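A.B. asks: What follows is protein.pdb, PDB, C-alpha atoms.
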ATOM      1  CA  MET L   1     118.031 103.742  79.351
ATOM      2  CA  LEU L   2     118.908 107.439  79.070
ATOM      3  CA  LEU L   3     116.193 110.074  79.190
ATOM      4  CA  CYS L   4     116.911 113.607  77.984
ATOM      5  CA  ILE L   5     114.060 115.971  78.685
ATOM      6  CA  GLU L   6     114.315 119.705  78.045
ATOM      7  CA  SER L   7     110.875 121.283  78.509
ATOM      8  CA  ASP L   8     108.649 121.585  81.582
ATOM      9  CA  ARG L   9     105.630 121.806  79.270
ATOM     10  CA  ARG L  10     106.381 118.699  77.282
ATOM     11  CA  LYS L  11     103.244 116.556  76.661
ATOM     12  CA  TYR L  12     104.686 113.454  74.986
ATOM     13  CA  TYR L  13     107.445 111.220  76.321
ATOM     14  CA  PHE L  14     107.917 108.280  73.957
ATOM     15  CA  LEU L  15     111.157 106.358  73.711
ATOM     16  CA  HIS L  16     112.606 103.471  71.783
ATOM     17  CA  MET L  17     113.380 100.397  73.828
ATOM     18  CA  GLU L  18     116.629  98.945  72.580
ATOM     19  CA  LEU L  19     119.136  96.289  73.508
ATOM     20  CA  LYS L  20     122.040  97.722  75.493
ATOM     21  CA  ASP L  21     124.790  95.963  73.565
ATOM     22  CA  THR L  22     123.564  96.166  69.945
ATOM     23  CA  ARG L  23     121.098  99.096  70.216
ATOM     24  CA  GLU L  24     118.607  97.018  68.220
ATOM     25  CA  GLN L  25     115.111  98.420  68.704
ATOM     26  CA  LEU L  26     112.784  96.011  70.487
ATOM     27  CA  GLY L  27     109.757  98.278  70.915
ATOM     28  CA  SER L  28     108.626 101.639  72.245
ATOM     29  CA  ILE L  29     107.356 102.962  75.557
ATOM     30  CA  GLY L  30     106.198 106.271  76.911
ATOM     31  CA  TYR L  31     103.376 108.448  78.117
ATOM     32  CA  THR L  32     101.212 111.410  77.270
ATOM     33  CA  VAL L  33     100.442 114.120  79.803
ATOM     34  CA  ILE L  34      96.643 114.292  80.066
ATOM     35  CA  ASP L  35      96.500 117.016  82.731
ATOM     36  CA  ASP L  36      98.894 119.033  84.871
ATOM     37  CA  THR L  37      97.236 119.519  88.246
ATOM     38  CA  PRO L  38      98.406 121.252  91.433
ATOM     39  CA  VAL L  39      99.374 117.821  92.844
ATOM     40  CA  GLY L  40     101.219 116.681  89.726
ATOM     41  CA  LYS L  41     100.764 115.404  86.199
ATOM     42  CA  ILE L  42      98.218 112.794  85.205
ATOM     43  CA  VAL L  43      99.556 110.659  82.377
ATOM     44  CA  HIS L  44      98.448 107.791  80.159
ATOM     45  CA  LEU L  45     101.188 105.287  79.419
ATOM     46  CA  GLY L  46     101.593 102.881  76.527
ATOM     47  CA  TYR L  47     104.126 100.383  75.238
ATOM     48  CA  PHE L  48     104.605  97.755  72.585
ATOM     49  CA  THR L  49     107.264  95.136  72.094
ATOM     50  CA  TYR L  50     108.156  93.342  68.883
ATOM     51  CA  PRO L  51     107.185  89.641  69.093
ATOM     52  CA  GLY L  52     110.783  88.386  68.902
ATOM     53  CA  PHE L  53     111.465  90.055  72.233
ATOM     54  CA  TRP L  54     108.381  88.927  74.156
ATOM     55  CA  GLY L  55     108.829  87.111  77.464
ATOM     56  CA  LYS L  56     112.397  88.287  78.120
ATOM     57  CA  GLY L  57     111.714  90.961  80.726
ATOM     58  CA  TYR L  58     112.706  93.901  78.540
ATOM     59  CA  THR L  59     109.336  95.653  78.721
ATOM     60  CA  SER L  60     109.144  95.209  82.501
ATOM     61  CA  GLU L  61     112.612  96.722  82.833
ATOM     62  CA  ALA L  62     111.729  99.642  80.568
ATOM     63  CA  LEU L  63     108.451 100.307  82.392
ATOM     64  CA  ASN L  64     110.328 100.325  85.693
ATOM     65  CA  LYS L  65     112.699 103.003  84.350
ATOM     66  CA  VAL L  66     109.899 105.115  82.862
ATOM     67  CA  LEU L  67     107.954 105.012  86.135
ATOM     68  CA  GLU L  68     111.067 105.987  88.055
ATOM     69  CA  PHE L  69     111.632 108.967  85.753
ATOM     70  CA  ALA L  70     107.963 109.981  85.849
ATOM     71  CA  PHE L  71     107.700 109.942  89.629
ATOM     72  CA  THR L  72     111.154 111.290  90.546
ATOM     73  CA  GLN L  73     111.923 113.776  87.764
ATOM     74  CA  ASP L  74     108.727 114.744  85.925
ATOM     75  CA  ASN L  75     106.290 115.515  88.770
ATOM     76  CA  VAL L  76     103.867 112.768  87.742
ATOM     77  CA  TYR L  77     101.127 112.044  90.267
ATOM     78  CA  ARG L  78      99.085 109.339  88.472
ATOM     79  CA  VAL L  79      99.867 106.873  85.677
ATOM     80  CA  THR L  80      97.168 104.896  83.870
ATOM     81  CA  THR L  81      97.506 102.233  81.210
ATOM     82  CA  GLY L  82      95.748  99.082  80.075
ATOM     83  CA  CYS L  83      95.545  96.178  77.693
ATOM     84  CA  LEU L  84      93.130  93.690  76.225
ATOM     85  CA  LYS L  85      92.247  91.010  78.763
ATOM     86  CA  GLU L  86      93.633  88.296  76.505
ATOM     87  CA  ASN L  87      97.072  89.945  76.532
ATOM     88  CA  ILE L  88      98.237  88.164  79.666
ATOM     89  CA  ARG L  89     101.908  89.095  79.185
ATOM     90  CA  SER L  90     101.125  92.801  78.981
ATOM     91  CA  GLU L  91      99.010  92.577  82.107
ATOM     92  CA  ARG L  92     101.877  90.795  83.850
ATOM     93  CA  VAL L  93     104.259  93.656  82.950
ATOM     94  CA  MET L  94     101.917  96.069  84.717
ATOM     95  CA  GLN L  95     101.575  93.806  87.757
ATOM     96  CA  LYS L  96     105.353  93.292  88.051
ATOM     97  CA  ASN L  97     105.735  97.049  88.263
ATOM     98  CA  GLY L  98     103.229  97.402  91.089
ATOM     99  CA  MET L  99     100.371  98.741  89.013
ATOM    100  CA  ILE L 100      96.883  98.204  90.418
ATOM    101  CA  LYS L 101      93.931  96.886  88.424
ATOM    102  CA  GLU L 102      91.263  99.531  88.457
ATOM    103  CA  ALA L 103      88.683  98.405  85.905
ATOM    104  CA  GLU L 104      87.588  95.644  83.546
ATOM    105  CA  HIS L 105      85.520  96.929  80.649
ATOM    106  CA  VAL L 106      83.595  93.994  79.149
ATOM    107  CA  ASP L 107      83.129  94.090  75.357
ATOM    108  CA  TYR L 108      84.789  97.496  75.338
ATOM    109  CA  GLU L 109      86.461  97.652  71.934
ATOM    110  CA  TRP L 110      86.363  96.081  68.515
ATOM    111  CA  HIS L 111      89.597  94.241  67.730
ATOM    112  CA  ASP L 112      90.391  91.575  65.127
ATOM    113  CA  GLY L 113      86.739  91.094  64.227
ATOM    114  CA  HIS L 114      85.449  90.696  67.788
ATOM    115  CA  MET L 115      84.412  92.751  70.781
ATOM    116  CA  LYS L 116      87.157  92.514  73.414
ATOM    117  CA  THR L 117      87.392  93.207  77.122
ATOM    118  CA  ARG L 118      89.863  95.887  78.214
ATOM    119  CA  LEU L 119      91.683  96.031  81.553
ATOM    120  CA  GLU L 120      92.749  99.340  83.081
ATOM    121  CA  TYR L 121      95.604  99.724  85.569
ATOM    122  CA  ARG L 122      96.888 102.677  87.592
ATOM    123  CA  LEU L 123      99.747 103.685  89.819
ATOM    124  CA  LEU L 124      99.884 106.741  92.050
ATOM    125  CA  LYS L 125     103.188 108.288  93.091
ATOM    126  CA  LYS L 126     102.561 107.419  96.763
ATOM    127  CA  GLU L 127     101.826 103.775  95.817
ATOM    128  CA  TRP L 128     105.035 103.631  93.772
ATOM    129  CA  GLU L 129     107.014 105.117  96.675
ATOM    130  CA  GLN L 130     105.515 102.623  99.140
ATOM    131  CA  SER L 131     106.314  99.665  96.858
ATOM    132  CA  ARG L 132     109.988 100.704  96.752
ATOM    133  CA  TYR L 133     110.339  99.938 100.471
ATOM    134  CA  ILE L 134     108.649  96.545 100.571
TER
END
Translate this file's structure into structure tokens.
C.D. replies:
Amino acid sequence: MLLCIESDRRKYYFLHMELKDTREQLGSIGYTVIDDTPVGKIVHLGYFTYPGFWGKGYTSEALNKVLEFAFTQDNVYRVTTGCLKENIRSERVMQKNGMIKEAEHVDYEWHDGHMKTRLEYRLLKKEWEQSRYI
């Protein structure tokens, strides 16, 4: 995955995830800068993967690369993201990348005709750095 970033003040970093050999798009991933503090940027991350590519590790690989860029090149201090509790695969992507469950919001949002529980995960730069040496 190649990231070309030109502005220090950029707020949105969203990228296509694509297969290396065919360049077929398999989803998107990225983050929005919520705040730029003296200790670094606070960002909210999101991703989606087309169903035909689920369960193959592509999203975990892409998240790993985005986190690496965020923490080593973009002065990010804190990353947050989340998913519906029923989306076990999405939660697993976060866990594989060392993200830490921070909250479970019961009946938090209306989705597909029902109230759903939302999980929130976070990763701080220092936590990411520590996980690299385990």
A.B. asks: Can you tell me, as a list in words, what residues are no more than 10 Å from range 8-14 of chain L when counting all atoms listed in the file, ignoring any on the same chain fewer than 3 positions away?
C.D. replies: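 Final neighbour list, sorted by chain and number: Leu3, Cys4, Ile5, Met17, Ser28, Ile29, Gly30, Tyr31, Thr32, Val33, Ile34, Asp35, Asp36, Lys41, Val43, His44, Leu45, Gly46, Tyr47, Val66, Ala70, Asp74 and Asn75 of chain L.
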A.B. asks: Residues of the last selection are to be written out with C-alpha atoms, as a PDB file, in the coordinates of the input.
C.D. replies:
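New file out33.pdb:
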ATOM      1  CA  LEU L   3     116.193 110.074  79.190  1.00  0.00           C
ATOM      2  CA  CYS L   4     116.911 113.607  77.984  1.00  0.00           C
ATOM      3  CA  ILE L   5     114.060 115.971  78.685  1.00  0.00           C
ATOM      4  CA  MET L  17     113.380 100.397  73.828  1.00  0.00           C
ATOM      5  CA  SER L  28     108.626 101.639  72.245  1.00  0.00           C
ATOM      6  CA  ILE L  29     107.356 102.962  75.557  1.00  0.00           C
ATOM      7  CA  GLY L  30     106.198 106.271  76.911  1.00  0.00           C
ATOM      8  CA  TYR L  31     103.376 108.448  78.117  1.00  0.00           C
ATOM      9  CA  THR L  32     101.212 111.410  77.270  1.00  0.00           C
ATOM     10  CA  VAL L  33     100.442 114.120  79.803  1.00  0.00           C
ATOM     11  CA  ILE L  34      96.643 114.292  80.066  1.00  0.00           C
ATOM     12  CA  ASP L  35      96.500 117.016  82.731  1.00  0.00           C
ATOM     13  CA  ASP L  36      98.894 119.033  84.871  1.00  0.00           C
ATOM     14  CA  LYS L  41     100.764 115.404  86.199  1.00  0.00           C
ATOM     15  CA  VAL L  43      99.556 110.659  82.377  1.00  0.00           C
ATOM     16  CA  HIS L  44      98.448 107.791  80.159  1.00  0.00           C
ATOM     17  CA  LEU L  45     101.188 105.287  79.419  1.00  0.00           C
ATOM     18  CA  GLY L  46     101.593 102.881  76.527  1.00  0.00           C
ATOM     19  CA  TYR L  47     104.126 100.383  75.238  1.00  0.00           C
ATOM     20  CA  VAL L  66     109.899 105.115  82.862  1.00  0.00           C
ATOM     21  CA  ALA L  70     107.963 109.981  85.849  1.00  0.00           C
ATOM     22  CA  ASP L  74     108.727 114.744  85.925  1.00  0.00           C
ATOM     23  CA  ASN L  75     106.290 115.515  88.770  1.00  0.00           C
TER      24      ASN L  75
END
A.B. asks: Do you know which residues the PyMOL selection byres ((chain L and resi 18-26) around 7) returns on this file, as a list in words?
C.D. replies: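 When the PyMOL selection byres ((chain L and resi 18-26) around 7) is applied to the shown file, the picked residues are His16, Met17, Gly27, Thr49, Tyr50 and Phe53 of chain L.
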A.B. asks: When the PyMOL selection byres ((chain L and resi 102) around 10) is applied to the structure above, which residues does it catch, written out as a list in words?
C.D. replies: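 On the file shown, the PyMOL selection byres ((chain L and resi 102) around 10) covers Thr80, Thr81, Gly82, Met99, Ile100, Lys101, Ala103, Glu104, Leu119, Glu120, Tyr121, Arg122 and Leu123 of chain L.
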A.B. asks: I'd like the neighbourhood of Thr117 in chain L as a PDB file with C-alpha atoms, in the frame of the given file, where a residue qualifies if any of its atoms comes within 12 Å (using all atoms listed in the file), though same-chain residues fewer than 6 positions away should be ignored.
C.D. replies:
ATOM      1  CA  GLY L  82      95.748  99.082  80.075  1.00  0.00           C
ATOM      2  CA  CYS L  83      95.545  96.178  77.693  1.00  0.00           C
ATOM      3  CA  LEU L  84      93.130  93.690  76.225  1.00  0.00           C
ATOM      4  CA  LYS L  85      92.247  91.010  78.763  1.00  0.00           C
ATOM      5  CA  GLU L  86      93.633  88.296  76.505  1.00  0.00           C
ATOM      6  CA  ASN L  87      97.072  89.945  76.532  1.00  0.00           C
ATOM      7  CA  ALA L 103      88.683  98.405  85.905  1.00  0.00           C
ATOM      8  CA  GLU L 104      87.588  95.644  83.546  1.00  0.00           C
ATOM      9  CA  HIS L 105      85.520  96.929  80.649  1.00  0.00           C
ATOM     10  CA  VAL L 106      83.595  93.994  79.149  1.00  0.00           C
ATOM     11  CA  ASP L 107      83.129  94.090  75.357  1.00  0.00           C
ATOM     12  CA  TYR L 108      84.789  97.496  75.338  1.00  0.00           C
ATOM     13  CA  GLU L 109      86.461  97.652  71.934  1.00  0.00           C
ATOM     14  CA  TRP L 110      86.363  96.081  68.515  1.00  0.00           C
ATOM     15  CA  HIS L 111      89.597  94.241  67.730  1.00  0.00           C
TER      16      HIS L 111
END
A.B. asks: Residues near Trp128 in chain L, anyone? I mean within 10 Å using only C-alpha atoms, not counting same-chain ones fewer than 5 positions away, as a PyMOL selection string.
C.D. replies: chain L and resi 67-68+71+77-78+97-99+123+133
A.B. asks: Residues as selected, C-alpha atoms, written as a short mmCIF file (atom, residue, chain, number, x, y, z; two decimals), keeping the file's coordinate frame, can you do that?
C.D. replies:
data_model
loop_
_atom_site.label_atom_id
_atom_site.label_comp_id
_atom_site.auth_asym_id
_atom_site.auth_seq_id
_atom_site.Cartn_x
_atom_site.Cartn_y
_atom_site.Cartn_z
CA LEU L 67 107.95 105.01 86.14
CA GLU L 68 111.07 105.99 88.06
CA PHE L 71 107.70 109.94 89.63
CA TYR L 77 101.13 112.04 90.27
CA ARG L 78 99.08 109.34 88.47
CA ASN L 97 105.74 97.05 88.26
CA GLY L 98 103.23 97.40 91.09
CA MET L 99 100.37 98.74 89.01
CA LEU L 123 99.75 103.68 89.82
CA TYR L 133 110.34 99.94 100.47
#
A.B. asks: How many Å lie between CA of Leu15 in chain L and CA of Phe48 in chain L, rounded to one decimal?
C.D. replies: 10.9 Å
A.B. asks: Box for range 122-134 of chain L - axis-aligned, 8 Å on each of the six sides, all listed atoms - centre and size in Å to one decimal, as lines of an AutoDock Vina configuration file.
C.D. replies:
center_x = 103.6
center_y = 102.4
center_z = 94.1
size_x = 29.5
size_y = 27.7
size_z = 29.0
A.B. asks: What lies within 12 Å of Lys96 in chain L using all atoms listed in the file, ignoring chain neighbours under 6 positions off, as a PDB file with C-alpha atoms, in the frame of the given file?
C.D. replies:
ATOM      1  CA  GLY L  57     111.714  90.961  80.726  1.00  0.00           C
ATOM      2  CA  THR L  59     109.336  95.653  78.721  1.00  0.00           C
ATOM      3  CA  SER L  60     109.144  95.209  82.501  1.00  0.00           C
ATOM      4  CA  GLU L  61     112.612  96.722  82.833  1.00  0.00           C
ATOM      5  CA  ALA L  62     111.729  99.642  80.568  1.00  0.00           C
ATOM      6  CA  LEU L  63     108.451 100.307  82.392  1.00  0.00           C
ATOM      7  CA  ASN L  64     110.328 100.325  85.693  1.00  0.00           C
ATOM      8  CA  ARG L  89     101.908  89.095  79.185  1.00  0.00           C
ATOM      9  CA  SER L  90     101.125  92.801  78.981  1.00  0.00           C
ATOM     10  CA  TYR L 121      95.604  99.724  85.569  1.00  0.00           C
ATOM     11  CA  LEU L 123      99.747 103.685  89.819  1.00  0.00           C
ATOM     12  CA  TRP L 128     105.035 103.631  93.772  1.00  0.00           C
ATOM     13  CA  SER L 131     106.314  99.665  96.858  1.00  0.00           C
TER      14      SER L 131
END
A.B. asks: Report, in Å with one decimal, the straight-line distance from CA of Val76 in chain L to CA of Lys125 in chain L.
C.D. replies: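 These two atoms are separated by 7.0 Å.
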A.B. asks: Using Å and a single decimal, report how far CA of Asp112 in chain L sits from CA of Gly52 in chain L.
C.D. replies: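 That distance, rounded to one decimal, is 21.0 Å.
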A.B. asks: Which is closer to Leu124 in chain L than all the others in L:Gln95, L:Ile42, L:Ile88, L:Phe69, using all atoms listed in the file?
C.D. replies: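 Checking each candidate against Leu124 in chain L, we get L:Ile42 as the closest.
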A.B. asks: Just checking: using only C-alpha atoms, which residue out of L:Gly113, L:Glu127, L:Arg132, L:Arg92 ends up closest to Gly55 in chain L?
C.D. replies: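 Smallest distance to Gly55 in chain L is found for L:Arg92.
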A.B. asks: All heavy atoms are what I want for range 42-53 of chain L; can you complete it accordingly and write them as an mmCIF file, keeping the file's coordinate frame?
C.D. replies:
data_model
loop_
_atom_site.group_PDB
_atom_site.id
_atom_site.type_symbol
_atom_site.label_atom_id
_atom_site.label_comp_id
_atom_site.auth_asym_id
_atom_site.auth_seq_id
_atom_site.Cartn_x
_atom_site.Cartn_y
_atom_site.Cartn_z
ATOM 1 N N ILE L 42 98.967 114.028 85.431
ATOM 2 C CA ILE L 42 98.218 112.794 85.205
ATOM 3 C C ILE L 42 98.587 112.353 83.796
ATOM 4 O O ILE L 42 98.461 113.129 82.845
ATOM 5 C CB ILE L 42 96.709 113.031 85.346
ATOM 6 C CG1 ILE L 42 96.411 113.473 86.791
ATOM 7 C CG2 ILE L 42 95.915 111.784 84.972
ATOM 8 C CD1 ILE L 42 95.005 113.958 87.022
ATOM 9 N N VAL L 43 99.062 111.126 83.675
ATOM 10 C CA VAL L 43 99.556 110.659 82.377
ATOM 11 C C VAL L 43 98.931 109.324 81.994
ATOM 12 O O VAL L 43 98.524 108.539 82.851
ATOM 13 C CB VAL L 43 101.104 110.547 82.360
ATOM 14 C CG1 VAL L 43 101.742 111.880 82.749
ATOM 15 C CG2 VAL L 43 101.615 109.435 83.247
ATOM 16 N N HIS L 44 98.873 109.091 80.689
ATOM 17 C CA HIS L 44 98.448 107.791 80.159
ATOM 18 C C HIS L 44 99.640 107.173 79.456
ATOM 19 O O HIS L 44 100.237 107.787 78.574
ATOM 20 C CB HIS L 44 97.268 107.930 79.207
ATOM 21 C CG HIS L 44 96.731 106.596 78.801
ATOM 22 N ND1 HIS L 44 96.002 105.801 79.668
ATOM 23 C CD2 HIS L 44 96.858 105.899 77.661
ATOM 24 C CE1 HIS L 44 95.693 104.665 79.053
ATOM 25 N NE2 HIS L 44 96.207 104.702 77.840
ATOM 26 N N LEU L 45 99.989 105.967 79.874
ATOM 27 C CA LEU L 45 101.188 105.287 79.419
ATOM 28 C C LEU L 45 100.847 104.204 78.401
ATOM 29 O O LEU L 45 99.772 103.610 78.475
ATOM 30 C CB LEU L 45 101.867 104.661 80.641
ATOM 31 C CG LEU L 45 103.166 103.935 80.413
ATOM 32 C CD1 LEU L 45 104.181 104.379 81.457
ATOM 33 C CD2 LEU L 45 102.973 102.444 80.480
ATOM 34 N N GLY L 46 101.759 103.961 77.491
ATOM 35 C CA GLY L 46 101.593 102.881 76.527
ATOM 36 C C GLY L 46 102.934 102.275 76.163
ATOM 37 O O GLY L 46 103.984 102.901 76.320
ATOM 38 N N TYR L 47 102.904 101.053 75.684
ATOM 39 C CA TYR L 47 104.126 100.383 75.238
ATOM 40 C C TYR L 47 103.769 99.287 74.257
ATOM 41 O O TYR L 47 102.645 98.791 74.225
ATOM 42 C CB TYR L 47 104.914 99.792 76.418
ATOM 43 C CG TYR L 47 104.115 98.912 77.350
ATOM 44 C CD1 TYR L 47 103.897 97.573 77.064
ATOM 45 C CD2 TYR L 47 103.593 99.425 78.526
ATOM 46 C CE1 TYR L 47 103.163 96.761 77.919
ATOM 47 C CE2 TYR L 47 102.871 98.629 79.398
ATOM 48 C CZ TYR L 47 102.659 97.308 79.084
ATOM 49 O OH TYR L 47 101.935 96.506 79.931
ATOM 50 N N PHE L 48 104.725 98.947 73.419
ATOM 51 C CA PHE L 48 104.605 97.755 72.585
ATOM 52 C C PHE L 48 105.996 97.171 72.410
ATOM 53 O O PHE L 48 107.002 97.879 72.465
ATOM 54 C CB PHE L 48 103.947 98.056 71.226
ATOM 55 C CG PHE L 48 104.822 98.805 70.264
ATOM 56 C CD1 PHE L 48 105.669 98.145 69.386
ATOM 57 C CD2 PHE L 48 104.807 100.195 70.243
ATOM 58 C CE1 PHE L 48 106.483 98.844 68.510
ATOM 59 C CE2 PHE L 48 105.607 100.905 69.365
ATOM 60 C CZ PHE L 48 106.450 100.226 68.492
ATOM 61 N N THR L 49 106.010 95.864 72.253
ATOM 62 C CA THR L 49 107.264 95.136 72.094
ATOM 63 C C THR L 49 107.137 94.243 70.875
ATOM 64 O O THR L 49 106.109 93.586 70.682
ATOM 65 C CB THR L 49 107.532 94.267 73.350
ATOM 66 O OG1 THR L 49 107.429 95.100 74.507
ATOM 67 C CG2 THR L 49 108.898 93.632 73.301
ATOM 68 N N TYR L 50 108.172 94.219 70.052
ATOM 69 C CA TYR L 50 108.156 93.342 68.883
ATOM 70 C C TYR L 50 108.125 91.878 69.340
ATOM 71 O O TYR L 50 108.780 91.522 70.329
ATOM 72 C CB TYR L 50 109.372 93.586 67.993
ATOM 73 C CG TYR L 50 109.451 94.998 67.459
ATOM 74 C CD1 TYR L 50 110.644 95.707 67.498
ATOM 75 C CD2 TYR L 50 108.334 95.623 66.900
ATOM 76 C CE1 TYR L 50 110.721 96.994 67.003
ATOM 77 C CE2 TYR L 50 108.406 96.908 66.405
ATOM 78 C CZ TYR L 50 109.602 97.594 66.453
ATOM 79 O OH TYR L 50 109.681 98.872 65.969
ATOM 80 N N PRO L 51 107.374 91.032 68.648
ATOM 81 C CA PRO L 51 107.185 89.641 69.093
ATOM 82 C C PRO L 51 108.468 88.871 69.395
ATOM 83 O O PRO L 51 108.505 88.070 70.321
ATOM 84 C CB PRO L 51 106.409 88.996 67.939
ATOM 85 C CG PRO L 51 105.647 90.138 67.341
ATOM 86 C CD PRO L 51 106.566 91.328 67.456
ATOM 87 N N GLY L 52 109.527 89.110 68.665
ATOM 88 C CA GLY L 52 110.783 88.386 68.902
ATOM 89 C C GLY L 52 111.397 88.659 70.262
ATOM 90 O O GLY L 52 112.301 87.937 70.699
ATOM 91 N N PHE L 53 110.921 89.671 70.933
ATOM 92 C CA PHE L 53 111.465 90.055 72.233
ATOM 93 C C PHE L 53 110.497 89.819 73.387
ATOM 94 O O PHE L 53 110.763 90.214 74.518
ATOM 95 C CB PHE L 53 111.899 91.528 72.193
ATOM 96 C CG PHE L 53 112.949 91.801 71.162
ATOM 97 C CD1 PHE L 53 112.605 92.367 69.948
ATOM 98 C CD2 PHE L 53 114.272 91.461 71.390
ATOM 99 C CE1 PHE L 53 113.570 92.611 68.991
ATOM 100 C CE2 PHE L 53 115.241 91.697 70.435
ATOM 101 C CZ PHE L 53 114.895 92.281 69.227
#
